[in-house]
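Colleague: Structure: upload.cif, mmCIF, C-alpha atoms (C1' of nucleotides).
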```cif
data_protein
loop_
_atom_site.label_atom_id
_atom_site.label_comp_id
_atom_site.auth_asym_id
_atom_site.auth_seq_id
_atom_site.Cartn_x
_atom_site.Cartn_y
_atom_site.Cartn_z
CA MET U 1 56.25 -30.66 10.06
CA ALA U 2 57.63 -29.31 13.30
CA VAL U 3 61.25 -28.91 12.18
CA LEU U 4 61.94 -28.59 8.49
CA ARG U 5 65.28 -29.05 6.85
CA ALA U 6 66.73 -25.80 5.51
CA ASP U 7 66.28 -26.67 1.85
CA ALA U 8 62.81 -27.96 2.51
CA ARG U 9 61.80 -24.71 4.14
CA ARG U 10 63.25 -22.74 1.26
CA ASN U 11 61.36 -24.83 -1.26
CA LEU U 12 58.17 -24.51 0.72
CA ASN U 13 58.46 -20.74 0.60
CA ARG U 14 59.15 -20.85 -3.10
CA VAL U 15 56.09 -22.99 -3.64
CA LEU U 16 53.91 -20.67 -1.60
CA ASP U 17 55.15 -17.63 -3.48
CA ALA U 18 54.75 -19.30 -6.84
CA ALA U 19 51.30 -20.57 -5.96
CA GLY U 20 50.15 -17.16 -4.79
CA GLU U 21 51.41 -15.60 -7.98
CA ALA U 22 50.03 -18.30 -10.26
CA PHE U 23 46.59 -18.36 -8.65
CA ALA U 24 46.46 -14.59 -8.81
CA GLU U 25 47.37 -14.46 -12.48
CA CYS U 26 45.68 -17.53 -13.86
CA GLY U 27 42.78 -18.22 -11.52
CA ALA U 28 41.89 -21.33 -9.57
CA ASP U 29 42.45 -23.63 -12.53
CA VAL U 30 46.22 -23.42 -12.81
CA SER U 31 47.77 -26.83 -12.84
CA ILE U 32 50.07 -28.03 -10.10
CA ASP U 33 52.70 -28.50 -12.79
CA GLU U 34 52.57 -24.82 -13.66
CA ILE U 35 53.01 -23.85 -10.03
CA ALA U 36 55.91 -26.27 -9.63
CA ARG U 37 57.49 -24.88 -12.77
CA ARG U 38 57.26 -21.33 -11.47
CA ALA U 39 58.70 -22.43 -8.14
CA GLY U 40 61.54 -24.24 -9.86
CA VAL U 41 60.77 -27.56 -8.18
CA GLY U 42 59.34 -30.87 -9.27
CA HIS U 43 55.62 -31.26 -8.86
CA GLY U 44 56.27 -34.09 -6.44
CA THR U 45 57.64 -31.51 -4.03
CA VAL U 46 54.44 -29.53 -4.21
CA CYS U 47 52.28 -32.58 -3.68
CA ARG U 48 54.31 -33.72 -0.68
CA ARG U 49 53.65 -30.54 1.29
CA PHE U 50 50.08 -30.21 0.11
CA PRO U 51 48.34 -33.54 -0.34
CA THR U 52 45.70 -31.89 -2.47
CA LYS U 53 45.55 -28.97 -4.83
CA ASP U 54 42.71 -27.56 -2.77
CA SER U 55 44.83 -27.71 0.37
CA LEU U 56 47.43 -25.56 -1.34
CA MET U 57 44.81 -23.13 -2.47
CA ALA U 58 43.42 -23.08 1.05
CA ALA U 59 46.79 -22.02 2.41
CA ILE U 60 46.98 -19.11 -0.02
CA VAL U 61 43.38 -18.05 0.34
CA GLY U 62 43.50 -18.32 4.12
CA ALA U 63 46.48 -15.99 4.30
CA ARG U 64 44.81 -13.41 2.06
CA LEU U 65 41.62 -13.48 4.06
CA GLU U 66 43.54 -13.03 7.28
CA GLU U 67 45.22 -9.94 5.87
CA LEU U 68 41.81 -8.62 4.96
CA ALA U 69 40.46 -9.35 8.41
CA GLU U 70 43.31 -7.37 9.92
CA ALA U 71 42.49 -4.44 7.69
CA ALA U 72 38.91 -4.67 8.88
CA ASP U 73 40.14 -4.67 12.46
CA GLN U 74 41.96 -1.41 11.99
CA LEU U 75 39.03 0.17 10.19
CA LEU U 76 36.77 -0.69 13.12
CA GLU U 77 38.65 1.93 15.15
CA ARG U 78 37.60 4.72 12.80
CA SER U 79 34.96 7.11 14.00
CA ASP U 80 33.38 7.62 10.56
CA ALA U 81 31.72 4.25 10.05
CA GLY U 82 30.45 5.03 6.57
CA ALA U 83 33.89 5.95 5.27
CA ALA U 84 35.46 2.99 7.04
CA PHE U 85 33.01 0.62 5.37
CA GLU U 86 33.68 2.10 1.96
CA GLU U 87 37.39 1.86 2.50
CA LEU U 88 37.15 -1.81 3.39
CA VAL U 89 35.10 -2.44 0.29
CA TRP U 90 37.74 -0.77 -1.86
CA HIS U 91 40.47 -2.70 -0.13
CA ALA U 92 38.70 -6.01 -0.70
CA ALA U 93 37.93 -5.08 -4.27
CA GLU U 94 41.58 -4.36 -4.99
CA LEU U 95 42.53 -7.68 -3.47
CA PHE U 96 39.93 -9.58 -5.49
CA ASN U 97 41.01 -7.73 -8.59
CA ARG U 98 44.65 -8.58 -8.11
CA ASP U 99 43.98 -12.23 -7.25
CA ARG U 100 41.68 -13.90 -9.72
CA ALA U 101 41.40 -17.07 -7.63
CA LEU U 102 40.65 -15.50 -4.29
CA PHE U 103 36.92 -15.27 -4.76
CA ASP U 104 36.50 -18.75 -6.22
CA GLY U 105 38.88 -20.20 -3.69
CA SER U 106 37.22 -18.75 -0.64
CA SER U 107 34.05 -20.68 -1.38
CA ARG U 108 35.69 -23.74 -2.84
CA CYS U 109 38.04 -24.22 0.11
CA ASP U 110 35.80 -23.51 3.04
CA GLY U 111 36.03 -27.12 4.06
CA PHE U 112 39.55 -26.27 5.27
CA SER U 113 39.78 -24.93 8.77
CA GLU U 114 42.22 -22.16 7.84
CA VAL U 115 39.82 -20.74 5.30
CA ALA U 116 36.70 -21.35 7.34
CA GLU U 117 38.17 -19.63 10.37
CA ALA U 118 39.55 -16.71 8.42
CA LYS U 119 36.18 -16.23 6.79
CA GLN U 120 34.51 -16.37 10.17
CA GLN U 121 36.87 -13.74 11.55
CA LEU U 122 36.43 -11.50 8.54
CA ASN U 123 32.68 -11.85 8.52
CA ASP U 124 32.41 -11.02 12.21
CA LYS U 125 34.42 -7.85 11.78
CA LEU U 126 32.64 -6.87 8.62
CA GLU U 127 29.32 -7.46 10.31
CA ARG U 128 30.28 -5.10 13.10
CA LEU U 129 31.39 -2.52 10.57
CA ILE U 130 28.09 -2.93 8.78
CA ARG U 131 26.10 -2.37 11.94
CA LYS U 132 28.07 0.78 12.67
CA ALA U 133 27.53 2.08 9.15
CA ARG U 134 23.85 1.28 9.38
CA ARG U 135 23.52 3.24 12.58
CA ALA U 136 25.32 6.10 10.87
CA GLY U 137 22.63 5.94 8.18
CA THR U 138 24.96 5.33 5.25
CA LEU U 139 24.11 1.71 4.59
CA ARG U 140 20.92 -0.09 3.69
CA ARG U 141 19.61 -2.59 6.20
CA ASP U 142 18.95 -5.64 4.03
CA VAL U 143 22.53 -6.77 3.44
CA SER U 144 24.74 -9.00 5.55
CA ALA U 145 28.49 -9.50 5.58
CA PRO U 146 28.44 -12.49 3.21
CA ASP U 147 26.25 -10.47 0.85
CA VAL U 148 28.80 -7.70 0.71
CA GLY U 149 31.64 -10.13 0.12
CA ALA U 150 29.78 -11.91 -2.62
CA MET U 151 28.79 -8.71 -4.35
CA ILE U 152 32.29 -7.28 -4.34
CA GLY U 153 33.57 -10.49 -5.84
CA SER U 154 30.84 -10.40 -8.43
CA ALA U 155 31.63 -6.83 -9.42
CA ILE U 156 35.26 -7.74 -9.96
CA GLN U 157 34.35 -10.80 -11.96
CA ALA U 158 32.01 -8.74 -14.08
CA ALA U 159 34.86 -6.41 -14.89
CA THR U 160 37.00 -9.25 -16.17
CA HIS U 161 34.41 -9.83 -18.87
CA THR U 162 35.03 -6.40 -20.36
CA ASP U 163 38.09 -4.96 -22.06
CA ASP U 164 38.12 -1.78 -20.00
CA PRO U 165 40.91 -2.27 -17.43
CA ASP U 166 39.30 0.24 -15.08
CA ALA U 167 35.81 -1.18 -15.30
CA TRP U 168 36.06 -2.69 -11.84
CA ARG U 169 36.35 0.75 -10.28
CA ARG U 170 33.14 1.87 -11.93
CA TYR U 171 31.40 -1.32 -10.89
CA VAL U 172 32.46 -0.99 -7.27
CA ARG U 173 31.35 2.63 -7.35
CA ILE U 174 27.95 1.51 -8.60
CA LEU U 175 27.79 -1.20 -5.97
CA LEU U 176 28.57 1.29 -3.20
CA ASP U 177 25.90 3.63 -4.50
CA GLY U 178 23.43 0.76 -4.49
CA LEU U 179 24.35 -0.12 -0.93
CA ARG U 180 23.25 3.24 0.43
CA PRO U 181 19.84 3.36 2.07
CA PRO U 182 17.30 3.55 -0.74
CA PRO U 183 15.56 6.94 -0.85
CA ARG U 184 12.02 6.67 0.49
CA LYS U 185 9.18 9.03 -0.34
CA THR U 186 8.50 9.62 3.36
CA THR U 187 11.95 9.35 4.81
CA THR U 188 12.00 8.55 8.50
CA GLN U 189 15.03 10.65 9.17
CA ARG U 190 17.09 9.73 12.22
CA ARG U 191 17.79 12.79 14.43
CA MET C 1 22.26 -30.42 -43.09
CA ALA C 2 19.58 -29.27 -45.50
CA VAL C 3 17.25 -32.25 -45.20
CA LEU C 4 17.46 -34.40 -42.13
CA ARG C 5 16.09 -37.85 -41.76
CA ALA C 6 13.11 -38.01 -39.42
CA ASP C 7 14.93 -39.91 -36.67
CA ALA C 8 17.90 -37.62 -37.01
CA ARG C 9 15.74 -34.57 -36.56
CA ARG C 10 14.07 -36.11 -33.55
CA ASN C 11 17.41 -36.95 -32.01
CA LEU C 12 18.69 -33.47 -32.72
CA ASN C 13 15.76 -31.97 -30.89
CA ARG C 14 16.30 -34.33 -27.99
CA VAL C 15 19.92 -33.33 -27.84
CA LEU C 16 19.11 -29.64 -27.90
CA ASP C 17 16.53 -30.04 -25.16
CA ALA C 18 18.83 -32.14 -23.03
CA ALA C 19 21.74 -29.78 -23.56
CA GLY C 20 19.68 -26.76 -22.61
CA GLU C 21 18.49 -28.48 -19.49
CA ALA C 22 21.91 -29.85 -18.54
CA PHE C 23 23.74 -26.58 -19.10
CA ALA C 24 21.09 -24.76 -17.11
CA GLU C 25 21.31 -27.14 -14.18
CA CYS C 26 24.98 -28.01 -14.09
CA GLY C 27 26.75 -25.08 -15.69
CA ALA C 28 29.12 -24.96 -18.62
CA ASP C 29 31.18 -27.89 -17.37
CA VAL C 30 28.70 -30.69 -17.96
CA SER C 31 30.22 -33.47 -19.94
CA ILE C 32 28.99 -34.41 -23.37
CA ASP C 33 28.32 -37.87 -21.99
CA GLU C 34 25.91 -36.46 -19.44
CA ILE C 35 24.06 -34.56 -22.14
CA ALA C 36 23.90 -37.65 -24.34
CA ARG C 37 22.65 -39.69 -21.39
CA ARG C 38 19.85 -37.21 -20.74
CA ALA C 39 18.95 -37.18 -24.41
CA GLY C 40 18.92 -40.96 -24.53
CA VAL C 41 21.44 -41.13 -27.35
CA GLY C 42 25.06 -42.17 -27.67
CA HIS C 43 27.57 -39.39 -27.30
CA GLY C 44 28.71 -40.05 -30.83
CA THR C 45 25.35 -38.70 -31.99
CA VAL C 46 25.93 -35.49 -30.10
CA CYS C 47 29.44 -35.08 -31.48
CA ARG C 48 28.29 -35.67 -35.05
CA ARG C 49 25.86 -32.74 -35.03
CA PHE C 50 28.15 -30.50 -33.03
CA PRO C 51 31.81 -31.02 -33.84
CA THR C 52 32.79 -29.30 -30.63
CA LYS C 53 31.30 -28.96 -27.21
CA ASP C 54 31.53 -25.20 -27.56
CA SER C 55 29.56 -25.33 -30.79
CA LEU C 56 26.76 -27.06 -28.93
CA MET C 57 26.88 -24.50 -26.18
CA ALA C 58 26.87 -21.77 -28.79
CA ALA C 59 23.63 -23.13 -30.24
CA ILE C 60 21.96 -23.06 -26.83
CA VAL C 61 23.36 -19.72 -25.77
CA GLY C 62 22.58 -18.12 -29.09
CA ALA C 63 18.93 -19.13 -28.83
CA ARG C 64 18.64 -17.76 -25.30
CA LEU C 65 20.22 -14.48 -26.26
CA GLU C 66 17.89 -14.14 -29.20
CA GLU C 67 14.90 -14.59 -26.92
CA LEU C 68 16.29 -11.89 -24.71
CA ALA C 69 16.84 -9.57 -27.65
CA GLU C 70 13.21 -10.04 -28.63
CA ALA C 71 12.12 -9.12 -25.14
CA ALA C 72 14.25 -6.01 -25.39
CA ASP C 73 12.59 -5.20 -28.68
CA GLN C 74 9.15 -5.26 -27.15
CA LEU C 75 10.27 -3.21 -24.19
CA LEU C 76 11.60 -0.53 -26.52
CA GLU C 77 7.99 0.27 -27.40
CA ARG C 78 7.18 1.25 -23.84
CA SER C 79 6.77 4.90 -23.05
CA ASP C 80 8.24 4.67 -19.55
CA ALA C 81 11.89 4.06 -20.35
CA GLY C 82 12.97 3.69 -16.74
CA ALA C 83 10.46 0.96 -16.01
CA ALA C 84 11.24 -0.74 -19.30
CA PHE C 85 14.93 -0.82 -18.49
CA GLU C 86 14.27 -2.27 -15.06
CA GLU C 87 11.97 -4.87 -16.50
CA LEU C 88 14.61 -5.99 -18.98
CA VAL C 89 17.15 -6.26 -16.19
CA TRP C 90 14.79 -8.45 -14.19
CA HIS C 91 14.05 -10.55 -17.23
CA ALA C 92 17.74 -11.08 -17.93
CA ALA C 93 18.44 -11.80 -14.28
CA GLU C 94 15.77 -14.47 -14.18
CA LEU C 95 17.22 -16.03 -17.31
CA PHE C 96 20.75 -15.99 -15.95
CA ASN C 97 19.48 -17.42 -12.68
CA ARG C 98 17.67 -20.25 -14.37
CA ASP C 99 20.54 -21.09 -16.70
CA ARG C 100 23.85 -21.36 -14.90
CA ALA C 101 25.84 -21.68 -18.11
CA LEU C 102 24.34 -18.77 -20.00
CA PHE C 103 26.64 -16.14 -18.63
CA ASP C 104 29.82 -18.17 -18.97
CA GLY C 105 28.75 -19.39 -22.36
CA SER C 106 28.01 -15.99 -23.81
CA SER C 107 31.61 -14.93 -23.34
CA ARG C 108 33.19 -18.32 -24.00
CA CYS C 109 31.35 -18.82 -27.28
CA ASP C 110 31.51 -15.40 -28.85
CA GLY C 111 33.78 -16.82 -31.51
CA PHE C 112 30.65 -18.41 -32.95
CA SER C 113 28.67 -16.25 -35.31
CA GLU C 114 25.33 -17.21 -33.78
CA VAL C 115 26.40 -15.97 -30.38
CA ALA C 116 28.31 -12.97 -31.64
CA GLU C 117 25.36 -11.80 -33.72
CA ALA C 118 22.83 -12.38 -30.99
CA LYS C 119 25.00 -10.45 -28.57
CA GLN C 120 25.32 -7.65 -31.09
CA GLN C 121 21.55 -7.50 -31.53
CA LEU C 122 20.93 -7.56 -27.82
CA ASN C 123 23.54 -4.95 -27.09
CA ASP C 124 22.18 -2.60 -29.72
CA LYS C 125 18.70 -2.81 -28.32
CA LEU C 126 19.88 -2.55 -24.76
CA GLU C 127 21.96 0.47 -25.69
CA ARG C 128 18.92 2.18 -27.13
CA LEU C 129 16.95 1.37 -24.01
CA ILE C 130 19.78 2.78 -21.91
CA ARG C 131 19.81 6.02 -23.84
CA LYS C 132 16.08 6.38 -23.40
CA ALA C 133 16.32 5.72 -19.68
CA ARG C 134 19.16 8.20 -19.40
CA ARG C 135 17.12 10.88 -21.06
CA ALA C 136 14.31 10.07 -18.67
CA GLY C 137 16.76 10.74 -15.85
CA THR C 138 16.46 7.32 -14.24
CA LEU C 139 19.87 5.92 -15.21
CA ARG C 140 23.42 7.05 -14.55
CA ARG C 141 25.46 8.07 -17.57
CA ASP C 142 28.65 6.07 -17.07
CA VAL C 143 27.41 2.60 -17.96
CA SER C 144 27.14 0.90 -21.34
CA ALA C 145 25.18 -2.13 -22.47
CA PRO C 146 28.04 -4.61 -21.92
CA ASP C 147 28.50 -3.15 -18.45
CA VAL C 148 24.91 -3.88 -17.57
CA GLY C 149 25.07 -7.39 -18.96
CA ALA C 150 28.26 -8.22 -17.14
CA MET C 151 27.01 -6.85 -13.85
CA ILE C 152 23.73 -8.72 -13.97
CA GLY C 153 25.40 -11.99 -14.82
CA SER C 154 28.01 -11.63 -12.13
CA ALA C 155 25.48 -10.65 -9.51
CA ILE C 156 23.57 -13.82 -10.24
CA GLN C 157 26.71 -15.89 -10.05
CA ALA C 158 27.59 -14.28 -6.74
CA ALA C 159 24.19 -15.22 -5.39
CA THR C 160 24.85 -18.88 -6.10
CA HIS C 161 27.71 -18.70 -3.60
CA THR C 162 25.26 -18.01 -0.78
CA ASP C 163 22.70 -20.32 0.76
CA ASP C 164 19.85 -17.85 0.48
CA PRO C 165 17.87 -18.94 -2.59
CA ASP C 166 16.44 -15.45 -2.98
CA ALA C 167 19.74 -13.62 -2.65
CA TRP C 168 19.82 -12.88 -6.35
CA ARG C 169 16.69 -10.76 -6.09
CA ARG C 170 18.26 -8.61 -3.40
CA TYR C 171 21.45 -8.29 -5.41
CA VAL C 172 19.62 -7.19 -8.52
CA ARG C 173 17.62 -4.73 -6.45
CA ILE C 174 20.86 -3.26 -5.10
CA LEU C 175 22.36 -3.19 -8.55
CA LEU C 176 19.36 -1.32 -9.91
CA ASP C 177 19.56 1.17 -7.07
CA GLY C 178 23.23 1.68 -7.85
CA LEU C 179 22.44 2.28 -11.49
CA ARG C 180 20.28 5.31 -10.77
CA PRO C 181 21.91 8.68 -11.28
CA PRO C 182 24.03 9.35 -8.20
CA PRO C 183 22.73 12.24 -6.09
CA ARG C 184 24.90 15.33 -6.61
CA LYS C 185 25.22 18.21 -4.20
CA THR C 186 24.53 20.73 -6.96
CA THR C 187 22.24 18.81 -9.20
CA THR C 188 22.12 20.15 -12.73
CA GLN C 189 18.45 19.33 -13.24
CA ARG C 190 17.29 18.88 -16.82
CA ARG C 191 14.22 20.90 -17.65
"C1'" DG X 1 84.41 -37.48 6.78
"C1'" DA X 2 81.10 -41.05 7.65
"C1'" DA X 3 76.46 -42.29 8.79
"C1'" DT X 4 71.69 -41.40 8.42
"C1'" DA X 5 67.50 -39.76 7.60
"C1'" DA X 6 65.03 -36.07 5.39
"C1'" DG X 7 64.03 -34.44 1.06
"C1'" DC X 8 63.80 -34.31 -3.99
"C1'" DG X 9 61.73 -34.98 -8.53
"C1'" DG X 10 60.60 -37.50 -12.38
"C1'" DA X 11 58.34 -41.69 -13.85
"C1'" DC X 12 54.18 -43.92 -13.40
"C1'" DG X 13 49.25 -45.13 -13.11
"C1'" DC X 14 44.72 -43.58 -12.92
"C1'" DC X 15 40.90 -40.89 -14.18
"C1'" DG X 16 37.58 -38.14 -16.84
"C1'" DC X 17 36.75 -36.03 -20.94
"C1'" DC X 18 36.75 -35.10 -25.84
"C1'" DG X 19 36.45 -36.16 -30.63
"C1'" DT X 20 36.84 -39.92 -34.26
"C1'" DC X 21 35.78 -44.05 -36.58
"C1'" DC X 22 33.53 -48.03 -38.31
"C1'" DG X 23 30.36 -51.95 -38.34
"C1'" DC X 24 25.51 -52.33 -37.73
"C1'" DT X 25 20.64 -50.48 -38.08
"C1'" DT X 26 16.85 -48.33 -40.14
"C1'" DA X 27 14.30 -44.65 -42.63
"C1'" DG X 28 12.88 -43.39 -47.10
"C1'" DC X 29 12.28 -44.26 -51.84
"C1'" DT X 30 10.77 -47.15 -55.69
"C1'" DA S 1 9.58 -55.93 -50.27
"C1'" DG S 2 14.08 -54.64 -51.47
"C1'" DC S 3 17.74 -51.36 -51.97
"C1'" DT S 4 20.66 -47.74 -50.42
"C1'" DA S 5 22.51 -44.25 -48.05
"C1'" DA S 6 21.87 -41.67 -43.89
"C1'" DG S 7 22.29 -42.28 -39.21
"C1'" DC S 8 23.51 -44.52 -34.86
"C1'" DG S 9 26.42 -45.50 -30.86
"C1'" DG S 10 29.93 -47.76 -28.55
"C1'" DA S 11 34.79 -48.72 -28.81
"C1'" DC S 12 38.98 -46.47 -29.19
"C1'" DG S 13 42.98 -43.28 -28.85
"C1'" DG S 14 44.80 -39.16 -27.08
"C1'" DC S 15 45.26 -35.56 -23.77
"C1'" DG S 16 45.90 -33.14 -19.53
"C1'" DG S 17 45.83 -33.22 -14.80
"C1'" DC S 18 46.32 -35.24 -10.16
"C1'" DG S 19 48.49 -37.90 -6.61
"C1'" DT S 20 51.93 -41.73 -5.48
"C1'" DC S 21 56.21 -44.02 -5.23
"C1'" DC S 22 60.98 -45.04 -5.20
"C1'" DG S 23 65.84 -44.56 -6.34
"C1'" DC S 24 68.99 -40.80 -5.86
"C1'" DT S 25 70.78 -36.51 -3.52
"C1'" DT S 26 72.03 -33.69 0.25
"C1'" DA S 27 71.61 -31.45 4.78
"C1'" DT S 28 72.65 -32.54 9.37
"C1'" DT S 29 74.79 -34.78 13.19
"C1'" DC S 30 78.59 -36.89 15.58
#
```
Is it possible to express this structure as structure tokens?
Modeller:
Amino acid sequence: MAVLRADARRNLNRVLDAAGEAFAECGADVSIDEIARRAGVGHGTVCRRFPTKDSLMAAIVGARLEELAEAADQLLERSDAGAAFEELVWHAAELFNRDRALFDGSSRCDGFSEVAEAKQQLNDKLERLIRKARRAGTLRRDVSAPDVGAMIGSAIQAATHTDDPDAWRRYVRILLDGLRPPPRKTTTQRR
Amino acid sequence: MAVLRADARRNLNRVLDAAGEAFAECGADVSIDEIARRAGVGHGTVCRRFPTKDSLMAAIVGARLEELAEAADQLLERSDAGAAFEELVWHAAELFNRDRALFDGSSRCDGFSEVAEAKQQLNDKLERLIRKARRAGTLRRDVSAPDVGAMIGSAIQAATHTDDPDAWRRYVRILLDGLRPPPRKTTTQRR
DNA sequence: GAATAAGCGGACGCCGCCGTCCGCTTAGCT
DNA sequence: AGCTAAGCGGACGGCGGCGTCCGCTTATTC
């Protein structure tokens, strides 16, 4: 694993690209054969690098989640916590919408350290963002980071059941509206 | 099909019961063998009545959707449209939560007339309920009946990805909050 | 350019699942 | 009770997918 022959490295990259694309387009149920076909290699080559289909998915999903965690990191710098939270939600939603397997994969592959750690990272940062947004009064108090992740994923999945290609935007909008502090009759206004 | 021998009818009922239970517990991917095992019959018996696994699922899903449509019918009588709408959402959510295959099945099996018709019925009634709730000012205007169905189902599915057994209630609560008319700066109040 | 080991990929075996088929059983009728 | 056809269920074949293995190819080193 340390040093890889030039052709091997090239094939590995092809496989990773093809897998990312195939999972995104077809969901978590694409066959290894399909991925190998897209990569232009035999499926033996795929199975040599990744002893299991799940381990391949874990590599893809882990990378995506890390990207998302980085985005969260940058958004933590923002002064407007409410807007930062919304922006992260939109970012995640776009990602989930583009990659049909990401949501399934992130739960299915959390036995793999790459995915588990990336999720941990992301959840920590999201949790901090949530606390900031709560303090700013733009977010209800009874949701945690995993809740938000799950609900974004669910909104995207819901949209795939319709024929409106922009449904996911409406659903995320609705979700964000629902995530605001519920109006109370006797509002205990902060400040 | 018209007249069924007594043992055949008994076995058919067993199969339907077992299938309902198995789909509910295990999701749409239970094997026919598992269903047959639960019913105490050979899997040949299952396949004779239902030439396809999907046709069996369609029978189950169709029945569930019809029940739901009936509930919607009764709720249409209510004077408080907002409360009626919410109650239907909760009813559907409970159903989806109890039956893991219902949501998947209702889209997978809409090639079957039983499911297609039941969905049509349900959607019509839900649409009427939505219009009433809109007029009552308790529901945003940019959602249709299929939207609501898809969002409920997906929210439930999302909740199964968490370890909190009551997560689905919170998610539905949030969804309902999000479905209220969004607060506008210059509200054009009716009446 | 020769030696060598890393890498390749298709053939193979295994598994679970689905749907069919046919010899045996049994309900229903007389 | 006897007859008959409806019904039963397990055996069977086929399919798709996954992971392994081994004979061949090719990059790399000297």
Colleague: Would you work out the distance separating CA of Ala145 (chain C) from CA of Glu66 (chain C), expressed in Å to one decimal?
Modeller: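 Taking CA of Ala145 (chain C) as the start and CA of Glu66 (chain C) as the end point, the length is 15.6 Å.
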Colleague: Please return as an mmCIF file with C-alpha atoms (C1' of nucleotides), in the frame of the given file every residue within 12 Å of (66.8, -37.3, 4.2), taking into account all atoms listed in the file and the file's own coordinates.
Modeller:
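out-v3.cif written:
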```cif
data_model
loop_
_atom_site.group_PDB
_atom_site.id
_atom_site.type_symbol
_atom_site.label_atom_id
_atom_site.label_comp_id
_atom_site.auth_asym_id
_atom_site.auth_seq_id
_atom_site.Cartn_x
_atom_site.Cartn_y
_atom_site.Cartn_z
ATOM 1 C CA LEU U 4 61.940 -28.590 8.490
ATOM 2 C CA ARG U 5 65.280 -29.050 6.850
ATOM 3 C CA ALA U 6 66.730 -25.800 5.510
ATOM 4 C CA ASP U 7 66.280 -26.670 1.850
ATOM 5 C CA ALA U 8 62.810 -27.960 2.510
ATOM 6 C "C1'" DA X 3 76.460 -42.290 8.790
ATOM 7 C "C1'" DT X 4 71.690 -41.400 8.420
ATOM 8 C "C1'" DA X 5 67.500 -39.760 7.600
ATOM 9 C "C1'" DA X 6 65.030 -36.070 5.390
ATOM 10 C "C1'" DG X 7 64.030 -34.440 1.060
ATOM 11 C "C1'" DC X 8 63.800 -34.310 -3.990
ATOM 12 C "C1'" DC S 24 68.990 -40.800 -5.860
ATOM 13 C "C1'" DT S 25 70.780 -36.510 -3.520
ATOM 14 C "C1'" DT S 26 72.030 -33.690 0.250
ATOM 15 C "C1'" DA S 27 71.610 -31.450 4.780
ATOM 16 C "C1'" DT S 28 72.650 -32.540 9.370
#
```
Colleague: What would the selection look like, as a list in words, if the PyMOL selection byres ((chain U) within 12 of (chain X)) were run on the coordinates I just shared?
Modeller: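 Checked against the file, the PyMOL selection byres ((chain U) within 12 of (chain X)) matches Met1, Val3, Leu4, Arg5, Ala6, Asp7, Ala8, Arg9, Arg10, Asn11, Leu12, Asp33, Ala36, Arg37, Gly40, Val41, Gly42, His43, Gly44, Thr45, Val46, Cys47, Arg48 and Arg49 of chain U.
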Colleague: Distance CA of Arg141 (chain C)-CA of Arg64 (chain C), one decimal place?
Modeller: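 Computing it gives 27.8 Å between the two atoms.
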Colleague: Between S:DC30, S:DA11, S:DA6, S:DC21, which one has atoms that come closest to chain C, using all atoms listed in the file?
Modeller: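 Smallest distance to chain C is found for S:DA6.
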Colleague: What is the distance, in Å and to one decimal place, between CA of Asn13 (chain U) and CA of Arg38 (chain U)?
Modeller: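 Between CA of Asn13 (chain U) and CA of Arg38 (chain U) the gap is 12.1 Å.
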Colleague: Using the chain letters and numbers from the file, which residues does the PyMOL selection byres ((chain U and resi 104-109) around 8) grab, as a list in words?
Modeller: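 Those residues are Ala28, Asp54, Ser55, Met57, Ala58, Val61, Gly62, Arg100, Ala101, Leu102, Phe103, Asp110, Gly111, Phe112, Val115, Ala116 and Lys119 of chain U; His161 of chain C.
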Colleague: Set the distance at 10 Å and use all atoms listed in the file: which residues neighbour Gln121 (chain U) once local chain neighbours fewer than 4 positions away are removed? I'd like the list as a PyMOL selection string.
Modeller: chain U and resi 65-66+68-70+72-73+115-117+125-127
Colleague: Assuming the chain letters and numbering stay as they are in my file, what does the PyMOL selection byres ((chain S and resi 19) around 8) actually select? List them as a PyMOL selection string.
Modeller: (chain U and resi 47+51-52) or (chain S and resi 18+20)
Colleague: With 10 Å as the limit and counting all atoms listed in the file, what residues in chain S lie close to chain C? Please list them as a JSON list (two decimals) with C-alpha atoms (C1' of nucleotides), in the frame of the given file.
Modeller:
```
[["chain", "number", "residue", "atom", "x", "y", "z"],
["S", 6, "DA", "C1'", 21.87, -41.67, -43.89],
["S", 7, "DG", "C1'", 22.29, -42.28, -39.21],
["S", 8, "DC", "C1'", 23.51, -44.52, -34.86],
["S", 9, "DG", "C1'", 26.42, -45.50, -30.86],
["S", 10, "DG", "C1'", 29.93, -47.76, -28.55]]
```
Colleague: Give as JSON, numbers by chain every residue of chain U that touches chain C within 10 Å, counting only C-alpha atoms.
Modeller: {"U": [103, 104, 106, 107, 108, 140, 142, 143, 146, 147, 148, 149, 150, 151, 152, 153, 154, 155, 156, 157, 158, 159, 160, 161, 162, 164, 167, 170, 171, 172, 173, 174, 175, 176, 177, 178, 179, 180, 181, 182, 183]}
Colleague: Padding 5 Å on every side, please: axis-aligned box over the listed atoms of region 7-24 of chain S, centre and edge lengths to one decimal in Å, as AutoDock Vina command-line options.
Modeller:
```
--center_x 45.6 --center_y -40.9 --center_z -22.2 --size_x 56.7 --size_y 25.6 --size_z 44.0
```
Colleague: From the options C:Trp90, C:Phe96, C:Ala83, C:Asp166, which residue's atoms come nearest to Arg134 (chain C), counting all atoms listed in the file?
Modeller: C:Ala83
